[in-house]
Amino acid sequence: MRVSVSWLREYIDLPADLPTGDLEQALVDLGIEVESAVDLAETVTGQLVVGEVREIEELTGFKKPIRFCRVDVGAANGTGEPQEIVCGARNFAPGDRVVVILPGGVLPGGFAIGARKTYGHNSAGMICSAKELGLGDDHSGIIVLGPDVTAKPGDDARPVVGLDDVVLDLEITPDRGYALSLRGLARELSHAFDVPLRDPALTPAPGGTDTPAYPVEVRDTVGCDRFTARLVRGVDPTAPTPSWMQQRLVTAGIRSISLPVDITNYVMLELGQPMHAFDADRIAGPLVVRRAEAGEKLTTLDGVNRVLTADDMVICDDTGPISLAAVMGGETSEVVAGTTTVLFEAAHWDPAMVGRTARRHKLFSEAAKRWERGVDPAVALVALERAVRLLTEHGGGTPSAEILDIDHVQPRTPISLPADLPTRRVGVEYPPARVVALLERVGCTVAQGADRLSEDPGAVGVASGVGTVLSVTPPTWRPDLTDPADLVEEVVRLDGYDRVPSVLPTAPPGRGLTPRQRRRRAVAGSLAERGYVEVLAHPFVSPELADQLGLPADDPRRPAVRLANPLSEEEPLLRTTLLGPLLGILKRNLGRGHRDLALYEIGAVFHPRVGAGSPPTMGVDRRPTDEEFAAADAVVPAQPVHVAVVLSGDLDPAGWWGPGRPAGWADAIEAARDVLAAAGIPDERVEVRAAEYAPWHPGRCAELRVDGSVVGHAGELHPVVVAALELPRRTSAMELNLDTLPPTPVTPAPTVSGFPPALIDVALVVDDSVPAEQVRRALEAGAGELLEDVRLFDVYSGAQLGAGRRSLAYKLTFRAPDRTLTVEEAVAARDAAVAVAAERLGATLRGA
């Protein structure tokens with residue numbers, strides 16, 4: 001939120017010589033983040049003056065319209081003659097007063113202004129837009145001063161356009177919606193500087209009348225618990241917005257549109273109450289406030305035809321929806337150039353409903369931003385009165401005597417606060433009287449409890465607050481104050497965070513990382529060392545993902561947890577597998593030109609507990625009991641940690657040395673082996689078997705087993721899945737459940753032999769159905785203790801071997817720890833290995 005300090009001074013008496021840094025620090029101390037605090041007087045140097053346009057010559061023959069202007073700048077240029085300036089803007093005419101920077105001046109961003117020849121004419125200076133002066137983002141035209149501006153040509157333009165002010169750019173947290181207004185910010189600063197607040201919401205305003213200003217029916221008093229409205233007839237449609245109001249709106253980043261619309265935006269900034277202005281003559285029949293019917297359509301003010309859902313709130317007339325309530329009005333009832341009858345509306349809407357609607361339609365308007373953070377329901381009539389007075393003062397017209405006020409607002413519920421709770425929670429002494437005083441400064445109404453509050457430090461149980469319970473009713477503008485903890489935070493904030501000592505807790509004794517943390521880091525490091533790039537995907541998926549992955553109807557990965565308030569209605573579910581979001585990242589990178597990709601992610605998946613019911617309601621006033629914790633844990637989804645990789649393109653790049661090697665199903669399986677090795681699982685406990693498991697190709701899928709239990713799958717993705725997700729052919733993937741792996745066993749130190757190895761190759765012919773892993777295990781079992789390593793290095797099949805047969809060639813490494821092996825010993829070990837393979841698997845020695 002951007003706001004000028006001069007506007008704030010209308011509500012509080014800040015010190016006249018207050019340094020900008022002190023103001024910024026005061027806001028930070030109050031918990032309001034300051035993005036920037038800019039003294040506008042320092043942003044533009046040189047002569048910035050008011051000019052009056054005398055003549056305009058239209059230049060032709062160029063790609064865009066260009067105008068050669070003669071502008072009266074008084075005696076500012078030293079000659080008194082009109083200044084010659086070339087300008088491309090079209091929104092001004094002879095006689096208009098504009099803002100001119102003369103040669104030698106410097107605009108924000110270090111843009112120096114000089115005199116030069118351009119488009120065949122001499123141009124000395126520049127006629128400025130709001131964006132060029134750093135006053136806003138509007139660059140559609142230059143600043144044209146209104147008739148209410150009394151400055152003459154040659155006068156300093158800084159006070160005229162607000163460049164003699166300080167502008168604050170503030171980041172307001174979601175729980176502090178009241179601070180999105182001048183009223184709220186002034187209240188906060190009144191606490192910081194201990195000065196009185198002139199609250200604009202205390203302005204007297206007439207209440208509702210028996211006869212409504214316009215017939216309105218509110219059918220959903222939960223979504224809209226207050227609706228006020230008032231008519232103004234006979235408004236001058238040509239009345240301009242006063243320049244001071246335009247200037248404040250531009251400073252706040254809001255574009256000036258028309259007088260009625262600008263007034264609603266101005267009141268929203270001032271009081272925090274979003275409003276809407278209807279053209280009453282364009283409304284057909286009475287208004288109805290209700291939930292939308294699924295499929296209804298509305299064209300909003302931004303020109304977008306929107307399809308509504310049953311969760312949206314709308315304002316309707318006889319033709320249907322004319323406004324998306326609390327978010328944006330509709331085109332059919334907006335104020336237009338000829339509007340003479342204005343219906344002002346100020347309502348109070350359900351924050352949760354507004355938040356969901358704004359996200360669903362991607363309409364994050366200034367009004368929606370305030371509604372979802374909370375708006376004061378008590379200020380609606382004051383805002384209505386303020387808007388009516390501004391319109392009649394600057395646009396004429398006659399306000400109606402009738403005022404509509406449909407009020408279903410429920411009173412705030414008092415909060416019980418032990419007077420000593422702030423002291424106990426924070427560790428700083430807060431006497432009960434101090435607690436009461438600070439809460440009353442916030443606007444709370446505090447009723448004393450059983451004990452009488454006293455300033456007497458000798459009063460037993462009173463000065464310390466022990467046994468004293470306060471009944472605190474928060475003000476209407478603080479919907480965020482709902483629990484004792486919120487009140488404690490307000491006490492600490494207003495008393496000063498600097499009073500809270502910075503004491504680090506004593507670190508509990510331990511042995512560093514847990515076994516689970518060490519395993520996760522080892523797995524991540526292993527994959528990164530092998531060239532995989534880690535990504536972090538959002539855990540949200542669409543309901544269609546299960547079909548895209550080809551999961552069977554009875555697959556346990558199909559049931560998913562649905563979020564009550566998802567970030568996107570298109571992805572309301574929590575993932576049950578890492579592959580969906582990970583393949584989405586792969587697709588996004590492929591679309592950006594990357595072809596050779598090896599990605600991995602380690603993260604949780606979420607499996608719902610069927611029939612678990614709802615979690616118990618737990619407050620923040622006390623620690624939940626063990627039974628409540630257990631009941632809540634029984635509902636929380638199971639969240640095992642998985643690791644997954646995806647591969648596409650070349651694993652080894654092509655170059656002058658030759659062609660690259662494309663990644664395939666074997667690389668995905670090898671990645672799984674690497675993960676298990678990094679997790680500390682010995683290779684002899686790992687088994688790889690052929691399997692059929694979605695979303696993998698049925699003939700190129702392997703399941704990984706540890707001690708006989710399946711821990712994951714790897715291989716090439718099914719062609720149907722690849723087509724559905726628009727991925728390259730042969731895309732491969734792997735996913736393992738790290739939580740199912742057994743604890744890492746204690747690994748004994750290996751015996752290192754200094755004697756040379758004996759290397760023997762052996763080729764065995766087996767049926768195609770025999771996995772190479774089983775052959776390897778048979779060789780290991782038969783070779784005995786002298787076998788150091790066995791590695792598959794060749795697979796061959798051909799007509800000479802016979803149908804359904806293939807040759808697997810292994811390199812056997814034999815070594816003894818205490819001697820050099822003889823040829824006879826190595827051959828005997830080789831023969832023993834082959835014999836076991838023949839006995840178990842029917843293998844025959846190739847060529848024998």
# chains A, B, ... in the order shown; residues from 1 in each chain; ligands from 1
>>> select_by_dssp(residues="segment 150-337 of chain A", states="helix (DSSP H, G or I)", output="PyMOL selection string")
chain A and resi 158-161+177-179+182-193+200-202+243-251+259-271+280-282+331-333
>>> residues_around(residues="Val775 of chain A", least_positions_apart="4", cutoff="10 Å", atoms="only C-alpha atoms", output="PyMOL selection string")
chain A and resi 764+766+770-771+779-781+792+808+810+833-834+836-838+840-841+843
>>> residues_around(residues="segment 206-213 of chain A", least_positions_apart="3", cutoff="7 Å", atoms="only C-alpha atoms", output="CSV table (one decimal) with N, CA and C atoms, in the first residue's frame")
chain,number,residue,atom,x,y,z
A,229,ALA,N,-27.1,1.5,1.3
A,229,ALA,CA,-27.1,2.1,0.0
A,229,ALA,C,-27.8,3.5,0.1
A,230,ARG,N,-27.4,4.4,-0.8
A,230,ARG,CA,-28.0,5.7,-0.9
A,230,ARG,C,-27.9,6.2,-2.3
A,231,LEU,N,-29.0,7.0,-2.7
A,231,LEU,CA,-29.0,7.5,-4.1
A,231,LEU,C,-28.6,9.0,-4.1
A,381,LEU,N,-22.1,3.0,7.1
A,381,LEU,CA,-22.9,4.2,7.0
A,381,LEU,C,-22.1,5.5,6.9
A,400,SER,N,-30.6,11.5,-1.7
A,400,SER,CA,-32.0,11.1,-1.3
A,400,SER,C,-32.0,11.1,0.3
A,402,GLU,N,-33.8,8.9,1.8
A,402,GLU,CA,-33.9,7.5,2.2
A,402,GLU,C,-32.5,6.9,2.2
A,403,ILE,N,-32.3,6.1,3.3
A,403,ILE,CA,-31.0,5.4,3.4
A,403,ILE,C,-31.3,3.9,3.7
A,404,LEU,N,-30.8,3.0,2.9
A,404,LEU,CA,-30.9,1.6,3.2
A,404,LEU,C,-29.9,1.1,4.1
A,405,ASP,N,-30.3,0.3,5.1
A,405,ASP,CA,-29.3,-0.3,6.0
A,405,ASP,C,-29.9,-1.7,6.5
>>> select_by_dssp(residues="segment 664-756 of chain A", states="strand (DSSP E or B)", output="ChimeraX atom specification")
/A:686-690,696-706,709-717,732-737
>>> write_last_selection(atoms="C-alpha atoms", output="JSON list (two decimals), in the first residue's frame")
[["chain", "number", "residue", "atom", "x", "y", "z"],
["A", 686, "VAL", "CA", 18.42, -55.91, -3.03],
["A", 687, "GLU", "CA", 16.50, -57.80, -5.69],
["A", 688, "VAL", "CA", 15.33, -56.48, -9.06],
["A", 689, "ARG", "CA", 12.41, -58.23, -10.75],
["A", 690, "ALA", "CA", 10.32, -57.66, -13.86],
["A", 696, "TRP", "CA", 5.42, -47.89, -16.36],
["A", 697, "HIS", "CA", 5.67, -49.87, -19.61],
["A", 698, "PRO", "CA", 4.62, -53.46, -18.81],
["A", 699, "GLY", "CA", 7.65, -54.90, -20.59],
["A", 700, "ARG", "CA", 10.19, -52.39, -19.30],
["A", 701, "CYS", "CA", 9.29, -52.08, -15.65],
["A", 702, "ALA", "CA", 11.19, -53.43, -12.66],
["A", 703, "GLU", "CA", 10.21, -53.66, -9.04],
["A", 704, "LEU", "CA", 12.85, -53.11, -6.38],
["A", 705, "ARG", "CA", 12.74, -55.44, -3.39],
["A", 706, "VAL", "CA", 14.65, -55.24, -0.13],
["A", 709, "SER", "CA", 9.50, -56.49, 0.29],
["A", 710, "VAL", "CA", 8.70, -54.17, -2.61],
["A", 711, "VAL", "CA", 10.07, -50.66, -1.98],
["A", 712, "GLY", "CA", 9.64, -49.07, -5.41],
["A", 713, "HIS", "CA", 9.53, -49.34, -9.18],
["A", 714, "ALA", "CA", 11.64, -48.12, -12.07],
["A", 715, "GLY", "CA", 11.68, -48.29, -15.85],
["A", 716, "GLU", "CA", 10.27, -46.70, -18.98],
["A", 717, "LEU", "CA", 6.91, -44.95, -18.83],
["A", 732, "SER", "CA", 11.92, -43.11, -17.91],
["A", 733, "ALA", "CA", 11.28, -42.75, -14.20],
["A", 734, "MET", "CA", 11.88, -44.28, -10.80],
["A", 735, "GLU", "CA", 10.09, -43.91, -7.44],
["A", 736, "LEU", "CA", 11.03, -45.48, -4.09],
["A", 737, "ASN", "CA", 9.43, -45.28, -0.66]]
>>> residues_around(residues="segment 307-320 of chain A", least_positions_apart="6", cutoff="6 Å", atoms="only C-alpha atoms", output="JSON, numbers by chain")
{"A": [284, 285, 286, 287, 288, 289, 290, 291, 292, 293, 294, 295, 296, 297, 357]}
>>> closest_residue(among="A:Pro479, A:His718, A:Leu527, A:Gly804", to="Ala672 of chain A", atoms="only C-alpha atoms")
A:Leu527
